[in-house]
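S.K.: Take this structure first; my questions come after.
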Amino acid sequence: MSSIKVWDLPTRFFHWLLVLSFAGAFLTAESERNRDLHVLLGYTVLGLIVFRLLWGLIGSRYARFYSFVCSPKVVVLYLCQLIQKQAQHPVGHNPAGAVVIVLLLLLGLGSGLSGWAVYEDIGADWLTEWHELISNAMLVVVCIHITGVVVSSYLQGENLIAAMVTGKKLGHVNQAIASNVASLAWLLLAVVIGLWIWAWPASKDLNWLLHTFSWW
Amino acid sequence: MKPFTIGFLILIAIAQPLRAEQPQDIILSHTLQAKQDNAAFLGFDAIRGEQFFKSQHNGGDWSCASCHTDNPAAAGLHTVTKKEIEPMAPSVNPARFTNTSKVEKWFKRNCKDVLNRECTAQEKGDVITYLMSLNR
């Protein structure tokens with residue numbers, strides 16, 4: 001066993017950008033003062049998930065849905081083995097984690113689409129209720145995800161949070177992914193940051209910055 | 001009972017939840033709450049509601065009129081997103097104040113933005129009375 005590359009860079013950038021966007025969208029949900037920021041972050045969530053769905057089809061080995069999405073039977077079996085401390089820890093996502101990931105992608109998609117419909121005044125009042133319900137459900141699943149990661153880290157003696165930062169986990173050399181696909185990851189980051197700068201509400205009030213520069 | 005009577009009762013039962021609430025119903029529920037809050041409650045007042053609607057509170061920089069404008073019988077403009085807001089006056093927009101949970105949800109959300117606290121039943125009743133007094 002050695003430290004091998006498992007999560008490619010686009011998958012990691014997606015993960016942490018989704019964390020930022022969803023947390024930001026949640027924190028800006030309560031006030032009309034932050035409405036445009038909330039909408040911008042919500043659309044970012046939506047765009048990120050569309051990217052992840054594509055990456056789940058054409059991405060590197062452990063990022064593909066094919067490599068981790070499994071039947072409920074496999075999930076139950078895995079959980080039983082986990083309780084009996086007999087579970088095999090896969091190099092990629094484990095079956096319980098896979099369920100949570102699928103749920104997060106679906107809820108994120110639902111939250112983003114319903115939010116868009118609310119903002120564009122498409123449909124009736126119940127859409128607002130659904131937007132809140134789906135988003136709260138997503139927060140609950142996020143908490144389950146974090147708990148699961150902490151528990152799994154403890155059970156298998158491996159820091160899984162660090163793995164989502166470095167991309168490295170314990171495994172055999174022949175299990176490593178061939179490429180980090182770094183160029184696509186930087187492109188993703190550039191697109192997201194570009195969108196934020198272009199549409200960031202505060203950028204409207206950045207004239208003082210221009211004035212400061214012209215003064216220099 | 002005759003089949004006709006039964007059918008009629010079933011129709012009424014189905015139609016009951018579909019009956020939209022009226023602004024008067026919402027005024028009434030706020031009246032009951034205001035009486036509970038304050039034994040000396042004297043009723044709602046359109047002029048007080050208008051003043052409340054058009055002024056800033058607790059040192060805040062927004063009033064209701066910041067988005068709904070000084071003429072709530074016309075369309076408003078969200079001061080942050082610049083999106084149009086449908087008129088608030090029921091005379092122009094009959095859909096207003098026909099759904100208690102929607103009314104309460106928006107009062108709660110917007111009062112926090114304008115007053116930094118929730119509105120009292122007195123304040124809400126005054127504002128609804130003001131909006132109901134507006135003609136097209």
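In the structure tokens, each chain is lettered A, B, ... as it comes, each chain's residues begin at 1, and ligands are numbered from 1 in order of appearance.
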Show me a table, sorted first by chain and then by increasing residue number, of the residues of chain B having an atom at most 7 Å from chain A, each with its shortest atom pair and the distance in Å to one decimal, counting only C-alpha atoms and written as JSON lines.
M.R.:
{"residue": "B:Val80", "atom": "CA", "partner": "A:Arg33", "partner_atom": "CA", "distance": 6.5}
{"residue": "B:Thr81", "atom": "CA", "partner": "A:Asp36", "partner_atom": "CA", "distance": 5.8}
{"residue": "B:Arg109", "atom": "CA", "partner": "A:Ser31", "partner_atom": "CA", "distance": 6.7}
{"residue": "B:Asp113", "atom": "CA", "partner": "A:Ser31", "partner_atom": "CA", "distance": 6.3}
S.K.: Write out as a PyMOL selection string the residues lying within 10 Å of region 8-13 of chain A, counting only C-alpha atoms and excluding same-chain residues fewer than 4 positions away.
M.R.: chain A and resi 17-19+48+51-52+55-56+59-63+163-168+177-189
S.K.: Record the distance separating CA of Tyr130 (chain B) and CA of Thr31 (chain B), expressed in Å with one decimal.
M.R.: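 Value for the CA of Tyr130 (chain B)-CA of Thr31 (chain B) distance: 14.6 Å.
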S.K.: Region 49-64 of chain B: which residues within 7 Å, counting only C-alpha atoms, same-chain residues fewer than 5 positions away excluded, as number ranges by chain?
M.R.: B: 70, 114-115, 123, 126-127, 129-130
S.K.: Store the residues picked out above in a file with N, CA and C atoms, as a PDB file, in the first residue's frame.
M.R.:
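Final file, again.pdb:
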ATOM      1  N   ASP B  70     -43.652  54.643  -3.273  1.00  0.00           N
ATOM      2  CA  ASP B  70     -44.624  55.459  -2.540  1.00  0.00           C
ATOM      3  C   ASP B  70     -46.043  55.259  -3.058  1.00  0.00           C
ATOM      4  N   VAL B 114     -36.463  45.574   7.016  1.00  0.00           N
ATOM      5  CA  VAL B 114     -36.764  46.998   7.181  1.00  0.00           C
ATOM      6  C   VAL B 114     -36.617  47.435   8.645  1.00  0.00           C
ATOM      7  N   LEU B 115     -37.103  46.622   9.590  1.00  0.00           N
ATOM      8  CA  LEU B 115     -37.137  47.027  11.005  1.00  0.00           C
ATOM      9  C   LEU B 115     -36.133  46.275  11.879  1.00  0.00           C
ATOM     10  N   GLU B 123     -49.076  46.782  13.593  1.00  0.00           N
ATOM     11  CA  GLU B 123     -48.380  47.342  12.429  1.00  0.00           C
ATOM     12  C   GLU B 123     -48.832  46.679  11.129  1.00  0.00           C
ATOM     13  N   ASP B 126     -52.407  47.764  10.297  1.00  0.00           N
ATOM     14  CA  ASP B 126     -52.425  49.135   9.786  1.00  0.00           C
ATOM     15  C   ASP B 126     -52.005  49.171   8.310  1.00  0.00           C
ATOM     16  N   VAL B 127     -50.928  48.441   7.994  1.00  0.00           N
ATOM     17  CA  VAL B 127     -50.417  48.453   6.619  1.00  0.00           C
ATOM     18  C   VAL B 127     -51.431  47.821   5.658  1.00  0.00           C
ATOM     19  N   THR B 129     -54.613  47.626   6.076  1.00  0.00           N
ATOM     20  CA  THR B 129     -55.746  48.564   5.979  1.00  0.00           C
ATOM     21  C   THR B 129     -55.424  49.704   5.012  1.00  0.00           C
ATOM     22  N   TYR B 130     -54.193  50.213   5.101  1.00  0.00           N
ATOM     23  CA  TYR B 130     -53.747  51.258   4.176  1.00  0.00           C
ATOM     24  C   TYR B 130     -53.806  50.766   2.726  1.00  0.00           C
TER      25      TYR B 130
END
S.K.: Which of these, B:Ala34, B:Ile27, B:Ala65, B:Val92, has the shortest distance to Leu134 (chain B) once you count only C-alpha atoms?
M.R.: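 Closest candidate: B:Val92.
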S.K.: Check region 24-201 of chain A with DSSP on the backbone and list each residue it calls strand (DSSP E or B), as a PyMOL selection string.
M.R.: chain A and resi 168-171
S.K.: Please produce a file of those selected residues containing N, CA and C atoms, as a PDB file, in the first residue's frame.
M.R.:
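In the end it all went to selection.pdb:
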ATOM      1  N   LYS A 168      -5.068  12.286  -2.713  1.00  0.00           N
ATOM      2  CA  LYS A 168      -4.327  11.038  -2.481  1.00  0.00           C
ATOM      3  C   LYS A 168      -4.957  10.161  -1.401  1.00  0.00           C
ATOM      4  N   LYS A 169      -4.989   8.859  -1.678  1.00  0.00           N
ATOM      5  CA  LYS A 169      -5.454   7.892  -0.690  1.00  0.00           C
ATOM      6  C   LYS A 169      -4.511   6.699  -0.692  1.00  0.00           C
ATOM      7  N   LEU A 170      -4.709   5.818   0.286  1.00  0.00           N
ATOM      8  CA  LEU A 170      -3.867   4.621   0.341  1.00  0.00           C
ATOM      9  C   LEU A 170      -4.398   3.586  -0.646  1.00  0.00           C
ATOM     10  N   GLY A 171      -3.483   2.993  -1.404  1.00  0.00           N
ATOM     11  CA  GLY A 171      -3.887   1.952  -2.352  1.00  0.00           C
ATOM     12  C   GLY A 171      -2.684   1.369  -3.049  1.00  0.00           C
TER      13      GLY A 171
END
S.K.: According to DSSP computed on the backbone, where in chain B is there alpha helix (DSSP H)? Give the residues as JSON, numbers by chain.
M.R.: {"B": [3, 4, 5, 6, 7, 8, 9, 10, 11, 12, 13, 14, 15, 23, 24, 25, 26, 27, 28, 29, 30, 31, 32, 33, 34, 35, 36, 37, 46, 47, 48, 49, 50, 51, 52, 53, 54, 65, 66, 67, 68, 100, 101, 102, 103, 104, 105, 106, 107, 108, 109, 110, 111, 112, 113, 114, 115, 121, 122, 123, 124, 125, 126, 127, 128, 129, 130, 131, 132, 133]}
S.K.: Could you name the residues that touch Ser114 (chain A) at 10 Å or less, counting only C-alpha atoms, but leaving out those on the same chain fewer than 2 positions away, as an mmCIF file with C-alpha atoms, in the first residue's frame?
M.R.:
data_model
loop_
_atom_site.group_PDB
_atom_site.id
_atom_site.type_symbol
_atom_site.label_atom_id
_atom_site.label_comp_id
_atom_site.auth_asym_id
_atom_site.auth_seq_id
_atom_site.Cartn_x
_atom_site.Cartn_y
_atom_site.Cartn_z
ATOM 1 C CA GLY A 108 -28.677 20.402 -5.537
ATOM 2 C CA LEU A 109 -30.225 20.159 -8.984
ATOM 3 C CA GLY A 110 -33.740 20.431 -7.501
ATOM 4 C CA SER A 111 -32.777 23.335 -5.272
ATOM 5 C CA GLY A 112 -31.128 25.240 -8.116
ATOM 6 C CA TRP A 116 -34.454 29.669 -10.689
ATOM 7 C CA ALA A 117 -38.210 29.155 -11.231
ATOM 8 C CA VAL A 118 -39.001 31.202 -8.101
ATOM 9 C CA TYR A 119 -36.680 34.028 -9.153
ATOM 10 C CA GLU A 120 -38.106 34.153 -12.671
ATOM 11 C CA ILE A 122 -42.455 30.816 -13.175
ATOM 12 C CA GLY A 123 -45.156 28.771 -11.501
ATOM 13 C CA LEU A 127 -42.570 26.402 -5.798
ATOM 14 C CA THR A 128 -41.203 28.670 -3.061
ATOM 15 C CA GLU A 129 -42.179 26.102 -0.441
ATOM 16 C CA TRP A 130 -40.508 23.344 -2.452
ATOM 17 C CA HIS A 131 -37.371 25.431 -2.929
ATOM 18 C CA GLU A 132 -37.053 25.800 0.838
ATOM 19 C CA ILE A 134 -35.383 20.813 -1.027
ATOM 20 C CA SER A 135 -32.642 23.175 0.190
#
S.K.: If we count only C-alpha atoms and set the cut-off at 10 Å, which residues sit around Ala75 (chain B), ignoring sequence neighbours fewer than 2 positions away in its own chain? Please answer as a ChimeraX atom specification.
M.R.: /B:67-69,71-73,77,84-89,92-93
S.K.: Restrict the selected residues to C-alpha atoms and save them as a CSV table (one decimal), in the first residue's frame.
M.R.:
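Just written: again-v1.csv:
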chain,number,residue,atom,x,y,z
B,67,CYS,CA,-39.1,48.4,-3.1
B,68,HIS,CA,-42.9,48.8,-3.2
B,69,THR,CA,-42.6,52.6,-4.0
B,71,ASN,CA,-47.5,54.3,-4.7
B,72,PRO,CA,-48.2,50.6,-3.8
B,73,ALA,CA,-51.1,50.6,-6.3
B,77,LEU,CA,-39.0,47.7,-8.2
B,84,GLU,CA,-40.4,44.3,-11.0
B,85,ILE,CA,-42.7,43.6,-8.0
B,86,GLU,CA,-46.5,43.3,-8.6
B,87,PRO,CA,-48.7,46.0,-7.1
B,88,MET,CA,-49.6,45.6,-3.4
B,89,ALA,CA,-53.1,47.2,-3.5
B,92,VAL,CA,-55.2,46.6,-8.6
B,93,ASN,CA,-53.9,43.2,-7.8
S.K.: Fewer than 5 positions away in the same chain doesn't count, so skip those; otherwise give me all residues within 10 Å of Asp25 (chain B), counting only C-alpha atoms, as a PyMOL selection string.
M.R.: chain B and resi 20+30-31+97-100
S.K.: Report, in Å to a single decimal, how far apart CA of Leu106 (chain A) and CA of Val91 (chain A) are.
M.R.: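 Those two atoms sit 23.9 Å apart.
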S.K.: Could you check which of A:Pro95, A:Val173, A:Arg64, A:Ile146 is closest to Leu77 (chain A), using only C-alpha atoms?
M.R.: A:Pro95
S.K.: Expressed in Å to a single decimal, how great is the separation between CA of Phe65 (chain A) and CA of Leu53 (chain A)?
M.R.: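 We find that CA of Phe65 (chain A) and CA of Leu53 (chain A) lie 8.6 Å from each other.
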